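K.L.:
So here's coords_36.txt, just compact mmCIF, C-alpha atoms:
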# COMPACT_ATOMS: atom_id res chain seq x y z
CA MET U 1 -81.03 22.77 -106.29
CA ILE U 2 -79.42 22.21 -102.92
CA GLN U 3 -80.98 19.31 -101.02
CA ALA U 4 -79.05 19.13 -97.73
CA VAL U 5 -76.25 20.58 -95.63
CA ILE U 6 -74.17 18.16 -93.57
CA PHE U 7 -72.01 19.35 -90.70
CA ASP U 8 -68.94 17.95 -89.03
CA PHE U 9 -69.07 18.32 -85.25
CA ASP U 10 -65.80 19.20 -83.52
CA GLY U 11 -64.29 22.36 -84.93
CA ILE U 12 -67.55 23.28 -86.64
CA LEU U 13 -70.24 23.30 -83.96
CA LEU U 14 -67.96 23.00 -80.92
CA ASP U 15 -64.20 23.38 -80.55
CA THR U 16 -62.81 20.96 -78.00
CA SER U 17 -59.50 20.22 -79.73
CA ASN U 18 -57.40 21.21 -76.70
CA GLN U 19 -59.47 18.96 -74.43
CA LEU U 20 -59.23 16.12 -76.95
CA TYR U 21 -55.46 16.51 -77.01
CA ARG U 22 -55.30 16.41 -73.21
CA GLY U 23 -57.38 13.25 -73.25
CA TYR U 24 -55.11 11.48 -75.72
CA LYS U 25 -51.98 12.70 -73.98
CA LYS U 26 -53.22 11.38 -70.62
CA VAL U 27 -53.89 7.91 -72.02
CA PHE U 28 -50.66 7.71 -74.03
CA LYS U 29 -48.64 8.68 -70.96
CA ARG U 30 -49.47 5.25 -69.49
CA PHE U 31 -47.59 3.74 -72.42
CA ASN U 32 -44.61 6.09 -71.84
CA ILE U 33 -45.49 7.98 -75.02
CA ASP U 34 -44.84 11.71 -74.89
CA TYR U 35 -47.61 12.71 -77.29
CA LYS U 36 -46.90 16.08 -78.91
CA LYS U 37 -49.48 18.60 -80.11
CA GLU U 38 -47.96 18.44 -83.58
CA GLN U 39 -48.66 14.70 -83.71
CA PHE U 40 -52.22 15.27 -82.52
CA ASN U 41 -52.78 17.84 -85.26
CA GLU U 42 -51.60 15.37 -87.89
CA ASN U 43 -53.97 12.68 -86.61
CA TYR U 44 -56.90 14.98 -85.87
CA GLY U 45 -59.99 13.93 -87.81
CA LEU U 46 -59.31 10.20 -87.58
CA LYS U 47 -61.87 7.99 -85.87
CA THR U 48 -60.91 7.70 -82.19
CA LYS U 49 -60.04 4.01 -82.34
CA GLU U 50 -57.98 4.54 -85.51
CA HIS U 51 -56.18 7.42 -83.78
CA PHE U 52 -55.14 5.18 -80.87
CA LYS U 53 -54.24 2.25 -83.11
CA LYS U 54 -52.05 4.40 -85.39
CA VAL U 55 -50.03 6.03 -82.60
CA LEU U 56 -49.56 2.81 -80.63
CA SER U 57 -48.48 0.99 -83.80
CA GLU U 58 -45.95 3.74 -84.55
CA ASN U 59 -44.51 3.04 -81.10
CA ASP U 60 -44.45 -0.74 -81.70
CA ILE U 61 -47.24 -1.40 -79.20
CA GLY U 62 -49.83 -3.96 -80.18
CA THR U 63 -53.38 -3.86 -78.80
CA SER U 64 -56.49 -5.97 -79.18
CA ASN U 65 -59.80 -4.55 -80.28
CA GLU U 66 -61.10 -4.95 -76.72
CA GLU U 67 -58.12 -3.00 -75.34
CA LEU U 68 -58.68 -0.25 -77.93
CA ASN U 69 -62.31 0.03 -76.86
CA LYS U 70 -61.21 0.50 -73.25
CA LEU U 71 -58.75 3.23 -74.28
CA VAL U 72 -61.49 5.03 -76.19
CA GLU U 73 -63.78 4.85 -73.16
CA GLU U 74 -61.03 6.14 -70.87
CA ARG U 75 -60.29 9.08 -73.14
CA ASP U 76 -63.98 9.89 -73.62
CA ASN U 77 -64.70 9.89 -69.88
CA PHE U 78 -61.82 12.27 -69.18
CA TYR U 79 -62.68 14.41 -72.23
CA ARG U 80 -66.34 14.83 -71.22
CA HIS U 81 -65.38 15.63 -67.65
CA ILE U 82 -63.09 18.53 -68.60
CA CYS U 83 -65.52 19.82 -71.25
CA ASN U 84 -68.60 19.74 -69.04
CA GLU U 85 -68.59 23.37 -67.89
CA ASN U 86 -69.42 26.49 -69.88
CA LEU U 87 -70.23 24.68 -73.11
CA LYS U 88 -71.06 27.02 -75.98
CA SER U 89 -71.45 26.34 -79.67
CA LEU U 90 -68.96 28.10 -81.93
CA PRO U 91 -69.87 31.61 -83.17
CA GLY U 92 -72.40 31.57 -85.99
CA ALA U 93 -73.37 27.91 -85.58
CA GLN U 94 -76.88 28.30 -84.19
CA LYS U 95 -77.68 31.25 -86.43
CA LEU U 96 -76.75 29.25 -89.54
CA LEU U 97 -78.72 26.21 -88.36
CA ASP U 98 -81.76 28.42 -87.76
CA GLU U 99 -81.46 29.98 -91.21
CA LEU U 100 -81.17 26.60 -92.93
CA LYS U 101 -84.10 25.17 -90.98
CA ASN U 102 -86.22 28.16 -91.99
CA LYS U 103 -85.38 27.31 -95.62
CA ASN U 104 -86.63 23.74 -95.01
CA ILE U 105 -83.23 22.33 -95.90
CA LYS U 106 -82.44 18.84 -94.62
CA LEU U 107 -79.60 18.85 -92.09
CA GLY U 108 -77.18 16.05 -91.27
CA LEU U 109 -74.29 15.55 -88.89
CA ALA U 110 -71.30 13.37 -89.84
CA SER U 111 -68.69 13.23 -87.09
CA SER U 112 -65.58 11.16 -86.47
CA THR U 113 -66.33 11.27 -82.74
CA SER U 114 -68.31 8.56 -80.97
CA ARG U 115 -72.09 8.32 -80.56
CA GLY U 116 -71.55 8.62 -76.80
CA ASN U 117 -69.82 11.98 -77.20
CA LEU U 118 -72.48 13.28 -79.59
CA ASN U 119 -75.24 12.18 -77.20
CA PHE U 120 -73.39 13.95 -74.40
CA PHE U 121 -72.66 17.25 -76.13
CA LEU U 122 -75.51 17.94 -78.56
CA PRO U 123 -78.32 18.14 -75.95
CA LYS U 124 -76.16 20.34 -73.72
CA LEU U 125 -75.63 22.70 -76.67
CA GLY U 126 -79.33 22.59 -77.59
CA LEU U 127 -78.49 21.46 -81.13
CA GLN U 128 -79.66 17.85 -81.37
CA ALA U 129 -83.17 18.66 -82.64
CA TYR U 130 -81.83 20.55 -85.66
CA PHE U 131 -80.55 17.42 -87.40
CA ASP U 132 -82.59 15.03 -89.52
CA HIS U 133 -79.88 12.38 -89.29
CA ILE U 134 -76.78 12.03 -87.10
CA LEU U 135 -73.96 9.55 -87.76
CA ALA U 136 -70.96 8.95 -85.50
CA GLY U 137 -67.48 7.70 -86.32
CA ASN U 138 -67.95 4.41 -84.47
CA GLU U 139 -70.98 3.64 -86.66
CA VAL U 140 -69.08 3.44 -89.95
CA THR U 141 -66.37 1.05 -91.12
CA ARG U 142 -64.05 3.54 -92.80
CA GLY U 143 -63.17 6.95 -91.43
CA LYS U 144 -62.50 10.21 -93.24
CA PRO U 145 -61.06 10.87 -95.85
CA HIS U 146 -63.09 7.89 -97.07
CA PRO U 147 -66.55 9.20 -98.07
CA GLU U 148 -68.52 6.43 -96.32
CA ILE U 149 -69.86 8.59 -93.49
CA TYR U 150 -71.11 11.31 -95.86
CA LEU U 151 -72.58 8.90 -98.38
CA THR U 152 -74.40 7.08 -95.57
CA VAL U 153 -75.89 10.30 -94.21
CA CYS U 154 -77.01 11.30 -97.71
CA ASP U 155 -78.61 7.91 -98.12
CA HIS U 156 -80.54 8.28 -94.84
CA LEU U 157 -81.65 11.78 -95.85
CA ASN U 158 -82.70 10.45 -99.26
CA VAL U 159 -80.67 13.11 -101.09
CA GLU U 160 -78.19 13.10 -103.96
CA PRO U 161 -74.61 13.87 -102.74
CA SER U 162 -73.88 16.14 -105.72
CA TYR U 163 -76.68 18.44 -104.54
CA CYS U 164 -75.40 18.62 -100.96
CA VAL U 165 -72.93 20.78 -99.05
CA GLY U 166 -70.63 19.61 -96.27
CA ILE U 167 -68.86 21.80 -93.72
CA GLU U 168 -65.49 20.67 -92.36
CA ASP U 169 -62.41 21.96 -90.54
CA THR U 170 -59.69 19.46 -91.60
CA ASP U 171 -58.16 18.28 -94.85
CA LYS U 172 -59.35 14.73 -94.10
CA GLY U 173 -62.91 16.03 -93.87
CA ILE U 174 -62.67 18.13 -97.02
CA ASN U 175 -61.24 15.17 -98.94
CA ALA U 176 -64.08 12.96 -97.65
CA LEU U 177 -66.60 15.46 -99.00
CA LYS U 178 -64.95 15.69 -102.41
CA ASN U 179 -64.65 11.88 -102.54
CA ALA U 180 -68.42 11.82 -101.96
CA ASN U 181 -68.91 14.26 -104.87
CA MET U 182 -70.27 16.95 -102.53
CA LYS U 183 -69.62 20.68 -102.30
CA ALA U 184 -67.10 21.37 -99.54
CA VAL U 185 -66.88 24.37 -97.22
CA ALA U 186 -63.71 24.64 -95.11
CA VAL U 187 -63.66 26.53 -91.82
CA ILE U 188 -60.24 27.78 -90.78
CA LEU U 189 -59.73 27.89 -87.01
CA THR U 190 -56.90 30.14 -85.88
CA ASN U 191 -55.82 27.77 -83.07
CA ARG U 192 -55.37 24.83 -85.42
CA LYS U 193 -52.74 23.64 -87.82
CA GLN U 194 -53.24 25.26 -91.22
CA TYR U 195 -54.49 22.39 -93.37
CA ASP U 196 -54.41 22.10 -97.15
CA PHE U 197 -57.87 23.26 -98.18
CA SER U 198 -57.08 23.56 -101.89
CA LYS U 199 -59.92 21.15 -102.76
CA ALA U 200 -62.54 23.17 -100.87
CA ASP U 201 -65.20 25.02 -102.86
CA LEU U 202 -65.38 27.78 -100.26
CA ILE U 203 -63.16 28.78 -97.33
CA VAL U 204 -64.40 30.83 -94.37
CA ARG U 205 -62.85 31.84 -91.04
CA SER U 206 -65.93 30.94 -89.02
CA LEU U 207 -69.59 30.06 -89.48
CA GLU U 208 -70.33 33.73 -88.91
CA GLU U 209 -69.14 34.26 -92.50
CA LEU U 210 -71.43 31.58 -93.90
CA ASN U 211 -75.10 32.01 -94.83
CA TRP U 212 -77.77 30.71 -97.17
CA SER U 213 -76.79 33.08 -99.95
CA LYS U 214 -73.14 31.93 -99.99
CA ILE U 215 -74.17 28.29 -99.84
CA THR U 216 -76.53 28.57 -102.82
CA MET U 217 -73.79 30.29 -104.84
CA LEU U 218 -71.83 27.02 -104.75
CA PHE U 219 -74.22 25.56 -107.33
Spit out the file's structure as structure tokens when you get a sec.
P.N.:
Amino acid sequence: MIQAVIFDFDGILLDTSNQLYRGYKKVFKRFNIDYKKEQFNENYGLKTKEHFKKVLSENDIGTSNEELNKLVEERDNFYRHICNENLKSLPGAQKLLDELKNKNIKLGLASSTSRGNLNFFLPKLGLQAYFDHILAGNEVTRGKPHPEIYLTVCDHLNVEPSYCVGIEDTDKGINALKNANMKAVAVILTNRKQYDFSKADLIVRSLEELNWSKITMLF
């Protein structure tokens, strides 16, 4: 019997990938790095600090942990500023959350983004109260595709991972779910790179295609 559904954030509840890209591009420009959208797509899903560290390392630029924290803060401030107007959750998100809550299913959120960003966006979207536990990327040691973030949320929810479903929009996220021995639902966004979702248990084009009946059929 299904015990919990755990959501990713960006690309599942809210799509801010273009704004995220602009934020990274703005910061990298200071290092004379012309950051391409194709590079961003490859790195999308990494924890923010890991994202910066990887790209700077590829360009032979060393940074301290303190410097990385400042870069993350700079990107986040710009990112929140350009996302602040006309925020809307992605189609089908609130309807699915309502349906799952009505079924008394535990709900978790496992995002690679920072706690600051989640605290900024979730209340504005009116979604924070839906979740029984929320975990951010800066609160775990290892980012996706490592299963740590999902296993930690399951532990806090007091559920068995094999009886849980996760919803993701990248291959890193899907692999994290399968590494956690969870059922994996992939959401394909038309404005994103087409990831390898061969390990997913179910693929949908948006949350509008997902409901309680389809979720229970995964078991």
K.L.:
Mind checking which residues fall within 12 Å of Thr141 of chain U, counting only C-alpha atoms, ignoring those fewer than 3 positions away in the same chain, and posting them as an MDAnalysis selection string?
P.N.:
chainID U and resid 47 49:50 112 135:138 144 146:149 152
K.L.:
Enumerate, as a ChimeraX atom specification, the protein, DNA and RNA residues whose atoms approach (-74.9, 10.2, -96.7) to within 10 Å, taking into account all atoms listed in the file and the coordinate frame of the file.
P.N.:
/U:4,6,108-110,133-135,147-161,164,180
K.L.:
Have a look at U:Leu71, U:Ala129, U:Leu118, U:Ile33 and name the one nearest to Val55 of chain U; count only C-alpha atoms.
P.N.:
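Closest to Val55 of chain U, using only C-alpha atoms: U:Ile33.
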K.L.:
Considering all atoms listed in the file, return as a PyMOL selection string whatever protein or nucleic-acid residues lie within 12 Å of Ala184 of chain U, sequence-local ones (same chain, fewer than 4 positions apart) excluded.
P.N.:
chain U and resi 5-8+150+161-180+197-204+215+218-219
K.L.:
Would you mind exporting the chosen residues as a short mmCIF file (atom, residue, chain, number, x, y, z; two decimals), in the coordinates of the input, restricted to C-alpha atoms?
P.N.:
data_model
loop_
_atom_site.label_atom_id
_atom_site.label_comp_id
_atom_site.auth_asym_id
_atom_site.auth_seq_id
_atom_site.Cartn_x
_atom_site.Cartn_y
_atom_site.Cartn_z
CA VAL U 5 -76.25 20.58 -95.63
CA ILE U 6 -74.17 18.16 -93.57
CA PHE U 7 -72.01 19.35 -90.70
CA ASP U 8 -68.94 17.95 -89.03
CA TYR U 150 -71.11 11.31 -95.86
CA PRO U 161 -74.61 13.87 -102.74
CA SER U 162 -73.88 16.14 -105.72
CA TYR U 163 -76.68 18.44 -104.54
CA CYS U 164 -75.40 18.62 -100.96
CA VAL U 165 -72.93 20.78 -99.05
CA GLY U 166 -70.63 19.61 -96.27
CA ILE U 167 -68.86 21.80 -93.72
CA GLU U 168 -65.49 20.67 -92.36
CA ASP U 169 -62.41 21.96 -90.54
CA THR U 170 -59.69 19.46 -91.60
CA ASP U 171 -58.16 18.28 -94.85
CA LYS U 172 -59.35 14.73 -94.10
CA GLY U 173 -62.91 16.03 -93.87
CA ILE U 174 -62.67 18.13 -97.02
CA ASN U 175 -61.24 15.17 -98.94
CA ALA U 176 -64.08 12.96 -97.65
CA LEU U 177 -66.60 15.46 -99.00
CA LYS U 178 -64.95 15.69 -102.41
CA ASN U 179 -64.65 11.88 -102.54
CA ALA U 180 -68.42 11.82 -101.96
CA PHE U 197 -57.87 23.26 -98.18
CA SER U 198 -57.08 23.56 -101.89
CA LYS U 199 -59.92 21.15 -102.76
CA ALA U 200 -62.54 23.17 -100.87
CA ASP U 201 -65.20 25.02 -102.86
CA LEU U 202 -65.38 27.78 -100.26
CA ILE U 203 -63.16 28.78 -97.33
CA VAL U 204 -64.40 30.83 -94.37
CA ILE U 215 -74.17 28.29 -99.84
CA LEU U 218 -71.83 27.02 -104.75
CA PHE U 219 -74.22 25.56 -107.33
#
K.L.:
Between U:Thr216, U:Asn77, U:Asn86, U:Asn211, which one has atoms that come closest to Met1 of chain U, using only C-alpha atoms?
P.N.:
U:Thr216
K.L.:
Between atom CA of Leu90 of chain U and atom CA of Leu14 of chain U, what is the spacing in Å?
P.N.:
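Separating atom CA of Leu14 of chain U from atom CA of Leu90 of chain U is a distance of 5.3 Å.
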K.L.:
Using all atoms listed in the file, which residues sit within 12 Å of Glu66 of chain U once same-chain residues fewer than 6 positions away are excluded, as a VMD selection string?
P.N.:
chain U and resid 49 53 72 to 73
K.L.:
Work out how far atom CA of Asn181 of chain U is from atom CA of Phe131 of chain U, in Å to one decimal.
P.N.:
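We find that atom CA of Phe131 of chain U and atom CA of Asn181 of chain U lie 21.2 Å from each other.
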K.L.:
Hey, could you pull the box centre and edge lengths for segment 139-146 of chain U, axis-aligned, 4 Å padding per side, all listed atoms, to one decimal in Å, as JSON?
P.N.:
{"center_x": -66.0, "center_y": 6.0, "center_z": -91.9, "size_x": 17.9, "size_y": 17.8, "size_z": 18.4}
K.L.:
Between U:Tyr79, U:Tyr35, U:Tyr195, U:Tyr44, which residue has the minimum interatomic distance to Glu58 of chain U, considering only C-alpha atoms?
P.N.:
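Residue with the minimum atom-to-atom distance to Glu58 of chain U: U:Tyr35.
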K.L.:
Measuring atom to atom with all atoms listed in the file, identify which of U:Ser89, U:Gly62, U:Thr16, U:Phe31 is nearest to Gln128 of chain U.
P.N.:
U:Ser89
K.L.:
Mind giving me the straight-line distance from atom CA of Lys183 of chain U to atom CA of Pro91 of chain U in Å, one decimal?
P.N.:
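Computing the Euclidean distance for atom CA of Lys183 of chain U and atom CA of Pro91 of chain U yields 22.0 Å.
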K.L.:
Would you kindly return, as a PyMOL selection string, each protein, DNA or RNA residue with an atom no farther than 8 Å from any atom of Val27 of chain U, considering only C-alpha atoms and excluding same-chain residues fewer than 2 positions away?
P.N.:
chain U and resi 23-25+29-31+71+74-75
K.L.:
Of the candidates U:Val187, U:His51, U:Asn117, U:Leu46, which one gets nearest to Arg80 of chain U if we count only C-alpha atoms?
P.N.:
U:Asn117
K.L.:
Find the residues near Asn84 of chain U: any atom within 10 Å, counting all atoms listed in the file, skip ones fewer than 3 places away on the same chain, and give them as a PyMOL selection string.
P.N.:
chain U and resi 79-81+87+120-121+124
K.L.:
Find the residue from U:Arg22, U:Phe52, U:Glu99, U:Met217 that sits nearest to Asn69 of chain U; use only C-alpha atoms when measuring.
P.N.:
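Selected residue with least distance to Asn69 of chain U: U:Phe52.
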